[in-house]
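One structure is given below, encoded as structure tokens.
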Amino acid sequence: MSEEIIVSGMRPTGKLHLGNYHGALKNWLSLQDQYKSFFFIADLHALTTSYKQTEDLAANSERMLIDWLSAGLDPKKCHIFIQSDVPEISELNTLLGMITPVGWLLRNPTYKDQINELLARKYAGQLKGDENTPLAERVKGLADEDISVYGFLGYPVLMATDILIHRASFVPVGEDQTAHVEIARDLVRRFNEIYGVDDVFVEPKPLFTKQTKVPGLDGHKMSKSYHNTLDLGEELEPARKKIMSMFTDPNKKKANDPADPQNCVVYAFHKIYNPDAARRCEECKAGALGCVACKKELYSLMEPELTAFLERRKTFEGDKAQLQAILKEGAAAARESAAKTLQAVKRAMKVVK
């Protein structure tokens with residue numbers, strides 16, 4: 001295993017789904033075998049947009065931990081912790097906030113991404129087809145209290161802090177997410193220029209990882225906001241019913257009608273789970289197979305993985321002491337790593353001698 005460090009996290013906003021698994025978690029399983037890895041449950045980030053709705057925050061954090069373990073993250077190979085259990089993160093976030101130009105925050109794509117996510121969750125997909133409307137107009141639908149807070153504006157600094165505090169060499173991202181790493185790199189350069197140092201932080205690089213795009217049951221992006229998900233650890237019968245309800249090419253009226261696989265959610269899942277998806281594509285175009293039979297085959301291909309998730313989830317749900325031990329050990333490792341960086345930062349800033 002490389003001594004180079006990677007850092008990544010997720011906000012605990014509810015159950016994880018197969019989009020989360022194939023888009024990020026599956027890559028984490030590979031990375032934990034290659035790098036020294038810190039994976040954190042970003043409860044502080046959750047507060048940036050849901051600071052009033054905190055009644056489920058702790059429960060969602062525990063649920064996320066169970067989902068991660070069910071997916072295959074191994075605390076013997078990586079460090080798993082809750083963000084707020086590492087107070088050094090909040091302290092460094094404050095210090096870095098002192099040198100961050102406001103203009104960076106207003107221009108950062110993360111700010112706009114979070115606004116769009118907030119809109120999607122608030123209106124549950126009602127804004128689809130409105131992508132050409134200026135962002136400022138779309139934001140008018142939100143109450144000022146939803147976004148007009150320092151925490152929301154300062155989200156990119158907290159994100160950079162998560163990375164820099166562990167001196168991460170790499171941050172796993174998709175190719176369309178490089179801007180999320182740029183503010184961390186910019187802050188390293190600015191810090192070095194202001195304080196005349198070059199050994200406090202590591203300038204992180206994006207680690208481009210394969211991210212499989214998983215559509216929702218209705219063909220839109222899989223998202224809790226759209227109520228179109230297949231959840232990790234979902235019971236088999238509800239999962240089967242969801243698969244049988246997946247959207248298919250609307251032009252296929254009868255079982256033997258030819259269809260366009262690219263307009264079919266079922267085929268999108270076949271490309272993930274069916275090693276013979278190319279043949280299925282040709283059968284679909286030729287009208288050689290009806291949609292019901294195609295969905296049944298898809299469920300049979302997905303059932304082993306769904307069963308494994310479900311069984312592992314039930315195991316972890318029944319052992320609260322193990323969950324607490326994993327978080328305690330992960331937080332201790334994260335605090336040890338973070339404390340070294342924080343002390344170096346405070347020395348460079350002359351906060352301490």
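Every chain in the structure tokens has a letter given in the order shown (A, B, ...), and although residue numbers restart at 1 in each chain, ligands are simply numbered from 1 in the order shown.
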
Within 12 Å of Gly318 of chain A, counting only C-alpha atoms, which residues qualify if same-chain residues fewer than 6 places away don't, as a list of chain:residue names?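 With the cut-off at 12 Å, the set is A:Ile66, A:Glu311, A:Arg312.
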
Return as a compact mmCIF listing (two decimals) with all heavy atoms, in the first residue's frame the full set of residues in segment 173-245 of chain A whose backbone-based DSSP assignment is strand (DSSP E or B).
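Writing done, so here's selection-v3.txt:
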# COMPACT_ATOMS: atom_id res chain seq x y z
N VAL A 173 -12.21 12.03 -7.61
CA VAL A 173 -13.31 12.80 -8.20
C VAL A 173 -13.54 12.32 -9.63
O VAL A 173 -12.69 11.68 -10.24
CB VAL A 173 -13.01 14.32 -8.23
CG1 VAL A 173 -12.93 14.90 -6.83
CG2 VAL A 173 -11.73 14.61 -9.01
N LYS A 205 -4.00 16.68 -5.65
CA LYS A 205 -4.33 16.51 -7.06
C LYS A 205 -5.62 15.68 -7.17
O LYS A 205 -5.89 14.83 -6.33
CB LYS A 205 -3.20 15.78 -7.80
CG LYS A 205 -1.88 16.53 -7.80
CD LYS A 205 -0.80 15.69 -8.49
CE LYS A 205 0.54 16.40 -8.46
NZ LYS A 205 1.61 15.57 -9.07
N PRO A 206 -6.40 15.94 -8.20
CA PRO A 206 -7.58 15.09 -8.42
C PRO A 206 -7.15 13.70 -8.86
O PRO A 206 -6.22 13.56 -9.66
CB PRO A 206 -8.35 15.82 -9.53
CG PRO A 206 -7.31 16.63 -10.24
CD PRO A 206 -6.28 17.01 -9.21
N LEU A 207 -7.78 12.72 -8.32
CA LEU A 207 -7.55 11.33 -8.73
C LEU A 207 -8.77 10.89 -9.52
O LEU A 207 -9.82 10.62 -8.96
CB LEU A 207 -7.35 10.43 -7.51
CG LEU A 207 -7.12 8.94 -7.78
CD1 LEU A 207 -5.83 8.73 -8.56
CD2 LEU A 207 -7.09 8.15 -6.49
N PHE A 208 -8.63 10.91 -10.84
CA PHE A 208 -9.77 10.59 -11.67
C PHE A 208 -10.09 9.11 -11.57
O PHE A 208 -9.26 8.25 -11.86
CB PHE A 208 -9.50 10.98 -13.12
CG PHE A 208 -9.32 12.46 -13.31
CD1 PHE A 208 -8.17 12.96 -13.90
CD2 PHE A 208 -10.28 13.34 -12.88
CE1 PHE A 208 -7.99 14.32 -14.07
CE2 PHE A 208 -10.12 14.71 -13.03
CZ PHE A 208 -8.98 15.20 -13.63
N PRO A 215 -28.88 5.65 -13.73
CA PRO A 215 -30.12 6.43 -13.78
C PRO A 215 -31.09 5.99 -12.70
O PRO A 215 -31.01 4.88 -12.16
CB PRO A 215 -30.66 6.09 -15.18
CG PRO A 215 -30.15 4.71 -15.44
CD PRO A 215 -28.79 4.65 -14.80
N LYS A 221 -31.68 11.39 -13.16
CA LYS A 221 -30.60 11.07 -12.25
C LYS A 221 -31.15 10.40 -10.99
O LYS A 221 -32.15 10.85 -10.44
CB LYS A 221 -29.84 12.34 -11.88
CG LYS A 221 -28.73 12.12 -10.85
CD LYS A 221 -28.10 13.45 -10.48
CE LYS A 221 -27.04 13.26 -9.39
NZ LYS A 221 -26.42 14.55 -8.99
N ASP A 231 -32.24 1.46 -3.06
CA ASP A 231 -31.37 1.72 -1.92
C ASP A 231 -30.44 0.55 -1.62
O ASP A 231 -30.78 -0.61 -1.91
CB ASP A 231 -32.20 2.02 -0.67
CG ASP A 231 -33.05 3.27 -0.84
OD1 ASP A 231 -32.61 4.18 -1.57
OD2 ASP A 231 -34.14 3.33 -0.26

Which neighbours of segment 269-275 of chain A fall inside 7 Å, counting only C-alpha atoms, when residues of the same chain fewer than 3 positions from it are skipped, and could you give them as a list in words?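 Near segment 269-275 of chain A, the qualifying residues are Val265, Val266, Leu298, Leu301 and Met302 of chain A.
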
Would you write out those residues with C-alpha atoms, as an mmCIF file, in the first residue's frame?
data_model
loop_
_atom_site.group_PDB
_atom_site.id
_atom_site.type_symbol
_atom_site.label_atom_id
_atom_site.label_comp_id
_atom_site.auth_asym_id
_atom_site.auth_seq_id
_atom_site.Cartn_x
_atom_site.Cartn_y
_atom_site.Cartn_z
ATOM 1 C CA VAL A 265 -33.484 2.409 -17.931
ATOM 2 C CA VAL A 266 -33.487 -1.385 -17.826
ATOM 3 C CA LEU A 298 -32.156 -8.012 -14.768
ATOM 4 C CA LEU A 301 -28.593 -10.591 -12.218
ATOM 5 C CA MET A 302 -28.911 -7.996 -9.463
#

List as JSON, numbers by chain the protein and nucleic acid residues near Thr315 of chain A, meaning an atom at most 12 Å away when only C-alpha atoms are counted, but skip any in the same chain fewer than 4 places from it. {"A": [66, 67, 69, 70, 233, 308, 309, 310, 311, 319, 320, 322, 323]}

Residue contacts of Ser300 of chain A (12 Å, only C-alpha atoms) excluding same-chain residues fewer than 3 positions away, as a PyMOL selection string: chain A and resi 236+239-240+243-244+270+273-274+293-297+303-307

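Every protein, DNA or RNA residue with an atom at most 10 Å from Val157 of chain A, where only C-alpha atoms count and chain neighbours fewer than 2 positions away do not, is listed here: A:Leu92, A:Asn93, A:Thr94, A:Leu95, A:Leu96, A:Gly97, A:Thr100, A:Trp104, A:Leu105, A:Gly151, A:Leu153, A:Gly154, A:Tyr155, A:Met159, A:Ala160, A:Thr161, A:Asp162, A:Ile163, A:Ile183, A:Ala184, A:Leu187.
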
Give me, as a compact mmCIF listing (two decimals) with N, CA, C and O atoms, in the first residue's frame, all polymer residues having an atom no more than 8 Å from Lys15 of chain A, counting only C-alpha atoms and skipping those fewer than 2 positions away in the same chain.
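Writing done, so here's part-v5.txt:
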# COMPACT_ATOMS: atom_id res chain seq x y z
N THR A 13 -27.38 12.47 4.50
CA THR A 13 -28.70 13.05 4.28
C THR A 13 -29.78 11.98 4.10
O THR A 13 -30.89 12.30 3.68
N HIS A 17 -27.96 4.91 -2.09
CA HIS A 17 -28.59 4.12 -3.14
C HIS A 17 -27.54 3.61 -4.11
O HIS A 17 -26.33 3.87 -3.94
N ASN A 60 -28.80 9.55 10.71
CA ASN A 60 -28.33 9.44 9.33
C ASN A 60 -26.84 9.13 9.27
O ASN A 60 -26.38 8.42 8.36
N ARG A 63 -26.55 5.51 9.94
CA ARG A 63 -27.05 4.78 8.77
C ARG A 63 -26.01 4.79 7.65
O ARG A 63 -25.80 3.78 6.98
N MET A 64 -25.34 5.93 7.48
CA MET A 64 -24.31 6.00 6.44
C MET A 64 -23.15 5.07 6.75
O MET A 64 -22.63 4.39 5.86
N ASP A 67 -24.20 1.68 5.81
CA ASP A 67 -24.20 1.53 4.35
C ASP A 67 -22.77 1.33 3.82
O ASP A 67 -22.53 0.49 2.95
N ASP A 231 -32.24 1.46 -3.06
CA ASP A 231 -31.37 1.72 -1.92
C ASP A 231 -30.44 0.55 -1.62
O ASP A 231 -30.78 -0.61 -1.91
N LEU A 232 -29.29 0.87 -1.04
CA LEU A 232 -28.42 -0.18 -0.53
C LEU A 232 -29.14 -0.89 0.62
O LEU A 232 -29.67 -0.24 1.51

Between atom CA of Pro204 of chain A and atom CA of Ser148 of chain A, what is the distance, to one decimal in Å? 29.7 Å

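One distance worth recording is that between atom CA of Asn263 of chain A and atom CA of Ala24 of chain A, which is 24.4 Å.
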
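Nearest-residue note for Ile41 of chain A: choosing from A:Gln211, A:Thr54, A:Thr178, A:Ser61, the minimum distance belongs to A:Ser61, counting only C-alpha atoms.
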
Counting only C-alpha atoms, the residue among A:Val292, A:Thr212, A:Tyr150, A:His79 that lies closest to Tyr51 of chain A is A:Tyr150

When you draw a straight line from atom CA of Arg107 of chain A to atom CA of Ser223 of chain A, how long is it in Å?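 One can read the atom CA of Arg107 of chain A to atom CA of Ser223 of chain A distance as 25.8 Å.
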
Can you check which residues of segment 27-217 of chain A DSSP gives as alpha helix (DSSP H) on the backbone and send them as number ranges by chain? A: 27-31, 43-50, 57-71, 87-97, 102-107, 109-123, 135-139, 144-147, 150-153, 155-164, 179-195
